[in-house]
Amino acid sequence: MTSSIRNITIIAHVDHGKTTLIDNMMKQSGTFRENENVEERVMDSGELEKERGITILAKPTSINWKNSRINIIDTPGHRDFAAEVERVLHMADGALLLIDAAEGVMPQTKFVLAKALKQGLKPIVIINKLDKADQRANEVLNETFDLFVSLDANEEQLDFPVLYASGRSGWASKDIDGPRKNLNPLLDLIMKHVQPTNLDKTKPFAMLSTLLYADSFLGRSLVGKIAQGTAKANQQIKAINLNGEKVDEGRLTKIFRYEGTKKVPIQTGEAGDIVIIAGLEKANVADTICNLELNEPINATPIDPPTMSITITVNNSPLAGLEGNKLTSTQIRERLILEAENNVGITFEENSNKDSFVISGRGELMLEILLIQMRREGFEMTVSPPKVLIKKDNYGKKEEPIEEITMDLDEEFSSKIIDSMNRRKGKLIDIKDTGKNKKRLIFHAPTRGLMGYTSRFLTITKGTGVINRIFHSYGNYTGEMEGRRNGALISIETGKAVAFAIFNLQARGEMLVTHNDPIYEGMIVGISSKAGDLEINVMKGKKLTNMRTQSTDENIVLTPVRKMTIAEQLSLLNTDEALEITPKSCRLRKLILDPHERKRQSRTKVS
């Protein structure tokens, strides 16, 4: 039996090595059997997490070290999932702040550290990836100390211990040039620096629901740290919200604890332990799960409001039903309601006919991941252009979400980037020289102007720049934003695209289809090089003649079609356009496919 429990969270900017470090902590503490086959980044269990190499959901794990249990919570580093980080900090007694030895302090580092300091946590700083050729650990340590000071850390927090490490190689050391054997110095430091939770086990049971998982076997599973008392299997419990109102009541059917990455059933959970409970159908994140006699909720961070929304309807294109097996508005509606129940960052609304659904979330990535998951599940749907959620202040003035953008790039591209950000109503806040002819630019800009901007940024910097965005605040509405200036090339026929026609139309703009691609009337087959939409025929074949000369049989060379993510395609859309998403294809289209109906609608709007 373990003598004490340490609950820690690992916080860092995206891709600074949290999940890889946890892998090696688990391996070196004996969590896995010697002959057990363990994949890389075992904590990134979701299919999309594995593909993209990012953490989307916060996940707890547990290791045993020197007769104590260390519960570790891996957190997302991406801004769209920042709400997960805030809530997870409520479960932690300590935090490991991971910072890349080359990149240094980044926007999300600042965000997560501010939340941890506000919570009263005393972080352990780990300068990670010390095996990088361009590591600058001493400078990064100075940057980190400056960050602590700028975030009003108290004296105890400023006196943070520092370790130098390589999560991938599995070592940590107190000195830059110290021994590079294993992670024992880190595990020992956690035991020494993080104080075990001292909570009252004699009081009635209460825990704050921090994470929510949908489990096909258990149903809704709530994860949290027991704040007081003990939880016993089969006891009667209830859930109360932040206002103290009862939202659910039932029996605690199952209790689990994490051991490594596995859930192990237990009969009793004690104060200080992180557990998973099942048995409540309506309880949500930020609710207090407790004994029936308790009526005081545990303080919690309210869930952040969404900043962006999309409208999803059924796929009504001529190609509907060819690839997917979930086509009806009822199926789409049920899936979106389930997502809203299990993902607290997403909200769901519908119209009176229950055939048009508005999904709101914290940013492009969160909404894009939902759409990717749905298309993999066999759904077909039509998605509107994303809208930023505007709100009004106390004086009735419009406010919109503003983001802080940090860019690291070669000096030669800085003037072009500043110009492109000015067009998006961005304000240059700071410019720093980071050495080796590199600059760090920091902007504040409205979210409206940044949709799909990452691909534009990479084009300007020829793939060498690094861009990071984080929600900053709601600010004054900056007026009308310039949309896509180029018109759409719209198909006037239904069938299959022909190489000869595409070849002759390439001069008109960037084509989005290639030979033999299925097309239909009203589908956007290209982006014009000029303003204004243009209707074209991409099915026009070559006229057959008896002539057989070199000039008539010349080779047709088509420009390859640019591969775009769902987020990039959504950012291209104008208000009268939509994106058709099916399991195998994504097609840009006009909302109204019939050209005569489109003209009638445009005349009505003008009049």
# chains A, B, ... in the order shown; residues from 1 in each chain; ligands from 1
$ select_by_dssp --residues "segment 104-335 of chain A" --states "helix (DSSP H, G or I)" --output "VMD selection string"
chain A and resid 107 to 118 137 to 150 155 to 158 184 to 193 329 to 335
$ residues_around --residues "Leu579 of chain A" --least-positions-apart "3" --cutoff "8 Å" --atoms "only C-alpha atoms" --output "ChimeraX atom specification"
/A:382-385,569-570,573,586-589
$ residues_around --residues "segment 415-418 of chain A" --least-positions-apart "3" --cutoff "10 Å" --atoms "only C-alpha atoms" --output "list in words"
Met407, Leu409, Glu411, Glu412, Met421, Asn422, Arg423, Arg424, Gly426, Lys427, Leu428, Leu441, Phe443, Arg456, Phe457, Ile460 and Thr461 of chain A
$ write_last_selection --atoms "N, CA, C and O atoms" --output "PDB file, in the first residue's frame"
ATOM      1  N   MET A 407       5.091  35.019 -33.932  1.00  0.00           N
ATOM      2  CA  MET A 407       5.685  34.460 -35.149  1.00  0.00           C
ATOM      3  C   MET A 407       7.208  34.497 -35.057  1.00  0.00           C
ATOM      4  O   MET A 407       7.779  35.538 -34.736  1.00  0.00           O
ATOM      5  N   LEU A 409      10.430  33.985 -37.499  1.00  0.00           N
ATOM      6  CA  LEU A 409      10.676  33.895 -38.940  1.00  0.00           C
ATOM      7  C   LEU A 409      12.012  34.528 -39.301  1.00  0.00           C
ATOM      8  O   LEU A 409      12.614  35.269 -38.516  1.00  0.00           O
ATOM      9  N   GLU A 411      14.427  37.186 -41.037  1.00  0.00           N
ATOM     10  CA  GLU A 411      14.273  38.641 -41.126  1.00  0.00           C
ATOM     11  C   GLU A 411      13.762  39.094 -42.491  1.00  0.00           C
ATOM     12  O   GLU A 411      12.981  40.038 -42.600  1.00  0.00           O
ATOM     13  N   GLU A 412      14.158  38.387 -43.564  1.00  0.00           N
ATOM     14  CA  GLU A 412      13.798  38.811 -44.925  1.00  0.00           C
ATOM     15  C   GLU A 412      12.283  38.789 -45.171  1.00  0.00           C
ATOM     16  O   GLU A 412      11.789  39.479 -46.065  1.00  0.00           O
ATOM     17  N   MET A 421      -0.519  41.065 -42.122  1.00  0.00           N
ATOM     18  CA  MET A 421      -1.257  41.196 -40.859  1.00  0.00           C
ATOM     19  C   MET A 421      -2.007  42.536 -40.793  1.00  0.00           C
ATOM     20  O   MET A 421      -3.099  42.609 -40.219  1.00  0.00           O
ATOM     21  N   ASN A 422      -1.443  43.574 -41.370  1.00  0.00           N
ATOM     22  CA  ASN A 422      -2.141  44.873 -41.416  1.00  0.00           C
ATOM     23  C   ASN A 422      -3.463  44.751 -42.158  1.00  0.00           C
ATOM     24  O   ASN A 422      -4.468  45.342 -41.778  1.00  0.00           O
ATOM     25  N   ARG A 423      -3.461  43.958 -43.230  1.00  0.00           N
ATOM     26  CA  ARG A 423      -4.701  43.752 -44.002  1.00  0.00           C
ATOM     27  C   ARG A 423      -5.752  43.013 -43.186  1.00  0.00           C
ATOM     28  O   ARG A 423      -6.934  43.108 -43.464  1.00  0.00           O
ATOM     29  N   ARG A 424      -5.284  42.255 -42.202  1.00  0.00           N
ATOM     30  CA  ARG A 424      -6.208  41.514 -41.339  1.00  0.00           C
ATOM     31  C   ARG A 424      -6.486  42.260 -40.039  1.00  0.00           C
ATOM     32  O   ARG A 424      -6.890  41.692 -39.054  1.00  0.00           O
ATOM     33  N   GLY A 426      -4.468  43.484 -37.903  1.00  0.00           N
ATOM     34  CA  GLY A 426      -3.580  43.116 -36.802  1.00  0.00           C
ATOM     35  C   GLY A 426      -2.733  44.302 -36.365  1.00  0.00           C
ATOM     36  O   GLY A 426      -2.357  45.147 -37.182  1.00  0.00           O
ATOM     37  N   LYS A 427      -2.436  44.375 -35.074  1.00  0.00           N
ATOM     38  CA  LYS A 427      -1.577  45.443 -34.534  1.00  0.00           C
ATOM     39  C   LYS A 427      -0.275  44.822 -34.055  1.00  0.00           C
ATOM     40  O   LYS A 427      -0.288  43.858 -33.276  1.00  0.00           O
ATOM     41  N   LEU A 428       0.849  45.380 -34.516  1.00  0.00           N
ATOM     42  CA  LEU A 428       2.156  44.886 -34.093  1.00  0.00           C
ATOM     43  C   LEU A 428       2.424  45.368 -32.667  1.00  0.00           C
ATOM     44  O   LEU A 428       2.478  46.558 -32.395  1.00  0.00           O
ATOM     45  N   LEU A 441       7.907  38.285 -34.037  1.00  0.00           N
ATOM     46  CA  LEU A 441       6.885  39.329 -34.125  1.00  0.00           C
ATOM     47  C   LEU A 441       5.690  38.921 -33.276  1.00  0.00           C
ATOM     48  O   LEU A 441       5.265  37.761 -33.322  1.00  0.00           O
ATOM     49  N   PHE A 443       1.701  40.035 -32.517  1.00  0.00           N
ATOM     50  CA  PHE A 443       0.561  40.839 -32.973  1.00  0.00           C
ATOM     51  C   PHE A 443      -0.658  40.580 -32.093  1.00  0.00           C
ATOM     52  O   PHE A 443      -0.788  39.496 -31.508  1.00  0.00           O
ATOM     53  N   ARG A 456      -1.261  30.680 -45.343  1.00  0.00           N
ATOM     54  CA  ARG A 456      -0.748  31.898 -45.988  1.00  0.00           C
ATOM     55  C   ARG A 456       0.609  32.280 -45.394  1.00  0.00           C
ATOM     56  O   ARG A 456       1.550  32.633 -46.109  1.00  0.00           O
ATOM     57  N   PHE A 457       0.711  32.174 -44.059  1.00  0.00           N
ATOM     58  CA  PHE A 457       1.960  32.491 -43.357  1.00  0.00           C
ATOM     59  C   PHE A 457       3.088  31.575 -43.835  1.00  0.00           C
ATOM     60  O   PHE A 457       4.207  32.024 -44.106  1.00  0.00           O
ATOM     61  N   ILE A 460       4.249  32.587 -47.343  1.00  0.00           N
ATOM     62  CA  ILE A 460       5.099  33.791 -47.351  1.00  0.00           C
ATOM     63  C   ILE A 460       6.497  33.472 -46.831  1.00  0.00           C
ATOM     64  O   ILE A 460       7.503  33.926 -47.372  1.00  0.00           O
ATOM     65  N   THR A 461       6.583  32.665 -45.757  1.00  0.00           N
ATOM     66  CA  THR A 461       7.891  32.370 -45.149  1.00  0.00           C
ATOM     67  C   THR A 461       8.555  31.142 -45.773  1.00  0.00           C
ATOM     68  O   THR A 461       9.552  30.640 -45.258  1.00  0.00           O
TER      69      THR A 461
END
$ residues_around --residues "segment 90-105 of chain A" --least-positions-apart "4" --cutoff "7 Å" --atoms "only C-alpha atoms" --output "VMD selection string"
chain A and resid 6 to 12 16 18 109 121 to 130 134 to 137 140 143 to 144 194 197 224 to 225
$ residues_around --residues "Ile63 of chain A" --least-positions-apart "4" --cutoff "10 Å" --atoms "only C-alpha atoms" --output "CSV table (one decimal) with N, CA and C atoms, in the first residue's frame"
chain,number,residue,atom,x,y,z
A,22,ILE,N,6.3,11.7,-20.3
A,22,ILE,CA,5.5,10.8,-19.4
A,22,ILE,C,5.8,9.4,-19.8
A,25,MET,N,8.8,8.3,-18.0
A,25,MET,CA,8.6,8.2,-16.6
A,25,MET,C,7.9,6.9,-16.2
A,26,MET,N,6.9,6.5,-17.1
A,26,MET,CA,6.2,5.3,-16.8
A,26,MET,C,7.1,4.1,-17.0
A,27,LYS,N,7.9,4.1,-18.1
A,27,LYS,CA,8.8,3.0,-18.3
A,27,LYS,C,9.8,2.8,-17.2
A,28,GLN,N,10.4,3.9,-16.8
A,28,GLN,CA,11.5,3.8,-15.8
A,28,GLN,C,11.0,3.5,-14.4
A,29,SER,N,9.7,3.8,-14.1
A,29,SER,CA,9.2,3.6,-12.8
A,29,SER,C,8.6,2.1,-12.7
A,30,GLY,N,8.7,1.4,-13.7
A,30,GLY,CA,8.3,0.0,-13.7
A,30,GLY,C,6.8,-0.2,-13.9
A,31,THR,N,6.1,0.8,-14.6
A,31,THR,CA,4.7,0.7,-14.8
A,31,THR,C,4.4,-0.4,-15.8
A,32,PHE,N,5.3,-0.6,-16.8
A,32,PHE,CA,5.1,-1.7,-17.8
A,32,PHE,C,6.0,-2.9,-17.5
A,68,SER,N,5.2,5.5,-2.8
A,68,SER,CA,4.2,6.5,-3.0
A,68,SER,C,3.6,6.4,-4.4
A,69,ARG,N,2.4,6.9,-4.6
A,69,ARG,CA,1.8,7.0,-5.9
A,69,ARG,C,1.9,8.4,-6.4
A,70,ILE,N,2.3,8.5,-7.7
A,70,ILE,CA,2.3,9.9,-8.3
A,70,ILE,C,1.2,9.8,-9.4
A,71,ASN,N,0.2,10.6,-9.3
A,71,ASN,CA,-0.8,10.7,-10.3
A,71,ASN,C,-0.4,11.8,-11.2
A,72,ILE,N,-0.3,11.5,-12.5
A,72,ILE,CA,0.2,12.5,-13.5
A,72,ILE,C,-0.9,12.8,-14.5
A,258,TYR,N,-6.6,5.0,-11.8
A,258,TYR,CA,-5.6,4.8,-12.8
A,258,TYR,C,-4.3,4.1,-12.2
A,259,GLU,N,-3.9,3.0,-12.9
A,259,GLU,CA,-2.6,2.4,-12.6
A,259,GLU,C,-1.9,2.3,-14.0
A,260,GLY,N,-0.9,3.1,-14.2
A,260,GLY,CA,-0.4,3.3,-15.6
A,260,GLY,C,-1.5,3.8,-16.4
A,261,THR,N,-1.7,3.3,-17.6
A,261,THR,CA,-2.8,3.7,-18.5
A,261,THR,C,-4.0,2.9,-18.3
$ residues_around --residues "Met308 of chain A" --least-positions-apart "4" --cutoff "8 Å" --atoms "only C-alpha atoms" --output "list in words"
Ser360, Gly361, Arg362, Gly363, Glu364, Pro386, Lys387, Val388 and Leu389 of chain A
$ residues_around --residues "Lys398 of chain A" --least-positions-apart "2" --cutoff "10 Å" --atoms "only C-alpha atoms" --output "ChimeraX atom specification"
/A:390-396,400,474-479
$ closest_atom_pairs --of "segment 191-237 of chain A" --to "segment 342-354 of chain A" --cutoff "12 Å" --atoms "only C-alpha atoms" --output "JSON lines"
{"residue": "A:Ser209", "atom": "CA", "partner": "A:Val344", "partner_atom": "CA", "distance": 11.8}
{"residue": "A:Thr210", "atom": "CA", "partner": "A:Val344", "partner_atom": "CA", "distance": 10.4}
{"residue": "A:Leu211", "atom": "CA", "partner": "A:Val344", "partner_atom": "CA", "distance": 9.0}
{"residue": "A:Leu212", "atom": "CA", "partner": "A:Asn342", "partner_atom": "CA", "distance": 6.2}
{"residue": "A:Tyr213", "atom": "CA", "partner": "A:Asn342", "partner_atom": "CA", "distance": 6.3}
{"residue": "A:Ala214", "atom": "CA", "partner": "A:Asn342", "partner_atom": "CA", "distance": 6.3}
{"residue": "A:Asp215", "atom": "CA", "partner": "A:Asn342", "partner_atom": "CA", "distance": 10.1}
{"residue": "A:Gly219", "atom": "CA", "partner": "A:Asn342", "partner_atom": "CA", "distance": 10.7}
{"residue": "A:Arg220", "atom": "CA", "partner": "A:Asn342", "partner_atom": "CA", "distance": 8.1}
{"residue": "A:Ser221", "atom": "CA", "partner": "A:Asn342", "partner_atom": "CA", "distance": 9.6}
{"residue": "A:Leu222", "atom": "CA", "partner": "A:Asn342", "partner_atom": "CA", "distance": 10.2}
$ closest_residue --among "A:Arg87, A:Arg448, A:Lys397, A:Lys118" --to "Ser309 of chain A" --atoms "only C-alpha atoms"
A:Arg448
$ atom_distance --atom1 "atom CA of Ile240 of chain A" --atom2 "atom CA of Ala206 of chain A"
10.5 Å
$ select_by_dssp --residues "segment 300-384 of chain A" --states "strand (DSSP E or B)" --output "ChimeraX atom specification"
/A:308-313,326,347-350,356-361,379,381-383
$ closest_residue --among "A:Ala271, A:Met106, A:Ile5, A:Ile276" --to "Leu199 of chain A" --atoms "only C-alpha atoms"
A:Ala271
$ closest_residue --among "A:Asn67, A:Asn295, A:Asn555, A:Ser585" --to "Gly321 of chain A" --atoms "only C-alpha atoms"
A:Ser585
$ closest_residue --among "A:Glu281, A:Glu323, A:Glu334, A:Asp410" --to "Lys438 of chain A" --atoms "only C-alpha atoms"
A:Asp410
$ atom_distance --atom1 "atom CA of Asn325 of chain A" --atom2 "atom CA of Ser491 of chain A"
26.5 Å
$ closest_residue --among "A:Leu327, A:Ala445, A:Ala499, A:Ile73" --to "Gly541 of chain A" --atoms "only C-alpha atoms"
A:Ala499
$ atom_distance --atom1 "atom CA of Leu89 of chain A" --atom2 "atom CA of Lys232 of chain A"
24.9 Å
$ closest_residue --among "A:Glu341, A:Glu155, A:Glu399, A:Asp15" --to "Thr447 of chain A" --atoms "only C-alpha atoms"
A:Glu399
$ decode --residues "segment 387-413 of chain A" --atoms "N, CA and C atoms" --output "PDB file, in the first residue's frame"
ATOM      1  N   LYS A 387     -18.225  31.430 -38.424  1.00  0.00           N
ATOM      2  CA  LYS A 387     -18.568  32.788 -37.987  1.00  0.00           C
ATOM      3  C   LYS A 387     -17.945  33.014 -36.624  1.00  0.00           C
ATOM      4  N   VAL A 388     -17.376  34.204 -36.440  1.00  0.00           N
ATOM      5  CA  VAL A 388     -16.861  34.566 -35.117  1.00  0.00           C
ATOM      6  C   VAL A 388     -18.030  35.081 -34.291  1.00  0.00           C
ATOM      7  N   LEU A 389     -18.093  34.687 -33.023  1.00  0.00           N
ATOM      8  CA  LEU A 389     -19.205  35.078 -32.166  1.00  0.00           C
ATOM      9  C   LEU A 389     -18.950  36.465 -31.583  1.00  0.00           C
ATOM     10  N   ILE A 390     -19.779  37.414 -31.996  1.00  0.00           N
ATOM     11  CA  ILE A 390     -19.673  38.805 -31.548  1.00  0.00           C
ATOM     12  C   ILE A 390     -20.571  38.987 -30.323  1.00  0.00           C
ATOM     13  N   LYS A 391     -20.090  39.716 -29.327  1.00  0.00           N
ATOM     14  CA  LYS A 391     -20.951  40.009 -28.177  1.00  0.00           C
ATOM     15  C   LYS A 391     -20.974  41.515 -27.923  1.00  0.00           C
ATOM     16  N   LYS A 392     -21.869  41.953 -27.035  1.00  0.00           N
ATOM     17  CA  LYS A 392     -21.990  43.385 -26.740  1.00  0.00           C
ATOM     18  C   LYS A 392     -21.560  43.664 -25.305  1.00  0.00           C
ATOM     19  N   ASP A 393     -20.868  44.804 -25.096  1.00  0.00           N
ATOM     20  CA  ASP A 393     -20.454  45.162 -23.742  1.00  0.00           C
ATOM     21  C   ASP A 393     -21.604  45.851 -23.008  1.00  0.00           C
ATOM     22  N   ASN A 394     -21.334  46.341 -21.814  1.00  0.00           N
ATOM     23  CA  ASN A 394     -22.384  46.958 -20.988  1.00  0.00           C
ATOM     24  C   ASN A 394     -23.003  48.200 -21.624  1.00  0.00           C
ATOM     25  N   TYR A 395     -22.266  48.806 -22.557  1.00  0.00           N
ATOM     26  CA  TYR A 395     -22.768  50.033 -23.206  1.00  0.00           C
ATOM     27  C   TYR A 395     -23.382  49.759 -24.581  1.00  0.00           C
ATOM     28  N   GLY A 396     -23.512  48.465 -24.912  1.00  0.00           N
ATOM     29  CA  GLY A 396     -24.137  48.110 -26.192  1.00  0.00           C
ATOM     30  C   GLY A 396     -23.181  48.115 -27.365  1.00  0.00           C
ATOM     31  N   LYS A 397     -21.885  48.306 -27.115  1.00  0.00           N
ATOM     32  CA  LYS A 397     -20.896  48.309 -28.203  1.00  0.00           C
ATOM     33  C   LYS A 397     -20.499  46.873 -28.533  1.00  0.00           C
ATOM     34  N   LYS A 398     -20.282  46.637 -29.845  1.00  0.00           N
ATOM     35  CA  LYS A 398     -19.914  45.279 -30.279  1.00  0.00           C
ATOM     36  C   LYS A 398     -18.463  44.962 -29.908  1.00  0.00           C
ATOM     37  N   GLU A 399     -18.263  43.706 -29.427  1.00  0.00           N
ATOM     38  CA  GLU A 399     -16.912  43.237 -29.117  1.00  0.00           C
ATOM     39  C   GLU A 399     -16.680  41.905 -29.830  1.00  0.00           C
ATOM     40  N   GLU A 400     -15.432  41.678 -30.217  1.00  0.00           N
ATOM     41  CA  GLU A 400     -15.092  40.421 -30.900  1.00  0.00           C
ATOM     42  C   GLU A 400     -13.819  39.818 -30.294  1.00  0.00           C
ATOM     43  N   PRO A 401     -13.620  38.487 -30.471  1.00  0.00           N
ATOM     44  CA  PRO A 401     -12.427  37.857 -29.900  1.00  0.00           C
ATOM     45  C   PRO A 401     -11.145  38.331 -30.593  1.00  0.00           C
ATOM     46  N   ILE A 402     -10.157  38.682 -29.766  1.00  0.00           N
ATOM     47  CA  ILE A 402      -8.844  39.114 -30.262  1.00  0.00           C
ATOM     48  C   ILE A 402      -7.823  38.053 -29.854  1.00  0.00           C
ATOM     49  N   GLU A 403      -6.904  37.732 -30.754  1.00  0.00           N
ATOM     50  CA  GLU A 403      -5.874  36.734 -30.461  1.00  0.00           C
ATOM     51  C   GLU A 403      -4.492  37.372 -30.407  1.00  0.00           C
ATOM     52  N   GLU A 404      -3.633  36.735 -29.620  1.00  0.00           N
ATOM     53  CA  GLU A 404      -2.214  37.128 -29.625  1.00  0.00           C
ATOM     54  C   GLU A 404      -1.478  36.135 -30.507  1.00  0.00           C
ATOM     55  N   ILE A 405      -0.761  36.664 -31.501  1.00  0.00           N
ATOM     56  CA  ILE A 405      -0.056  35.806 -32.453  1.00  0.00           C
ATOM     57  C   ILE A 405       1.432  36.035 -32.294  1.00  0.00           C
ATOM     58  N   THR A 406       2.170  34.959 -32.090  1.00  0.00           N
ATOM     59  CA  THR A 406       3.638  35.029 -31.999  1.00  0.00           C
ATOM     60  C   THR A 406       4.224  34.324 -33.216  1.00  0.00           C
ATOM     61  N   MET A 407       5.091  35.019 -33.932  1.00  0.00           N
ATOM     62  CA  MET A 407       5.685  34.460 -35.149  1.00  0.00           C
ATOM     63  C   MET A 407       7.208  34.497 -35.057  1.00  0.00           C
ATOM     64  N   ASP A 408       7.837  33.368 -35.350  1.00  0.00           N
ATOM     65  CA  ASP A 408       9.304  33.310 -35.462  1.00  0.00           C
ATOM     66  C   ASP A 408       9.640  33.077 -36.922  1.00  0.00           C
ATOM     67  N   LEU A 409      10.430  33.985 -37.499  1.00  0.00           N
ATOM     68  CA  LEU A 409      10.676  33.895 -38.940  1.00  0.00           C
ATOM     69  C   LEU A 409      12.012  34.528 -39.301  1.00  0.00           C
ATOM     70  N   ASP A 410      12.481  34.246 -40.523  1.00  0.00           N
ATOM     71  CA  ASP A 410      13.693  34.883 -41.038  1.00  0.00           C
ATOM     72  C   ASP A 410      13.410  36.355 -41.300  1.00  0.00           C
ATOM     73  N   GLU A 411      14.427  37.186 -41.037  1.00  0.00           N
ATOM     74  CA  GLU A 411      14.273  38.641 -41.126  1.00  0.00           C
ATOM     75  C   GLU A 411      13.762  39.094 -42.491  1.00  0.00           C
ATOM     76  N   GLU A 412      14.158  38.387 -43.564  1.00  0.00           N
ATOM     77  CA  GLU A 412      13.798  38.811 -44.925  1.00  0.00           C
ATOM     78  C   GLU A 412      12.283  38.789 -45.171  1.00  0.00           C
ATOM     79  N   PHE A 413      11.539  37.989 -44.372  1.00  0.00           N
ATOM     80  CA  PHE A 413      10.089  37.888 -44.606  1.00  0.00           C
ATOM     81  C   PHE A 413       9.276  38.834 -43.720  1.00  0.00           C
TER      82      PHE A 413
END
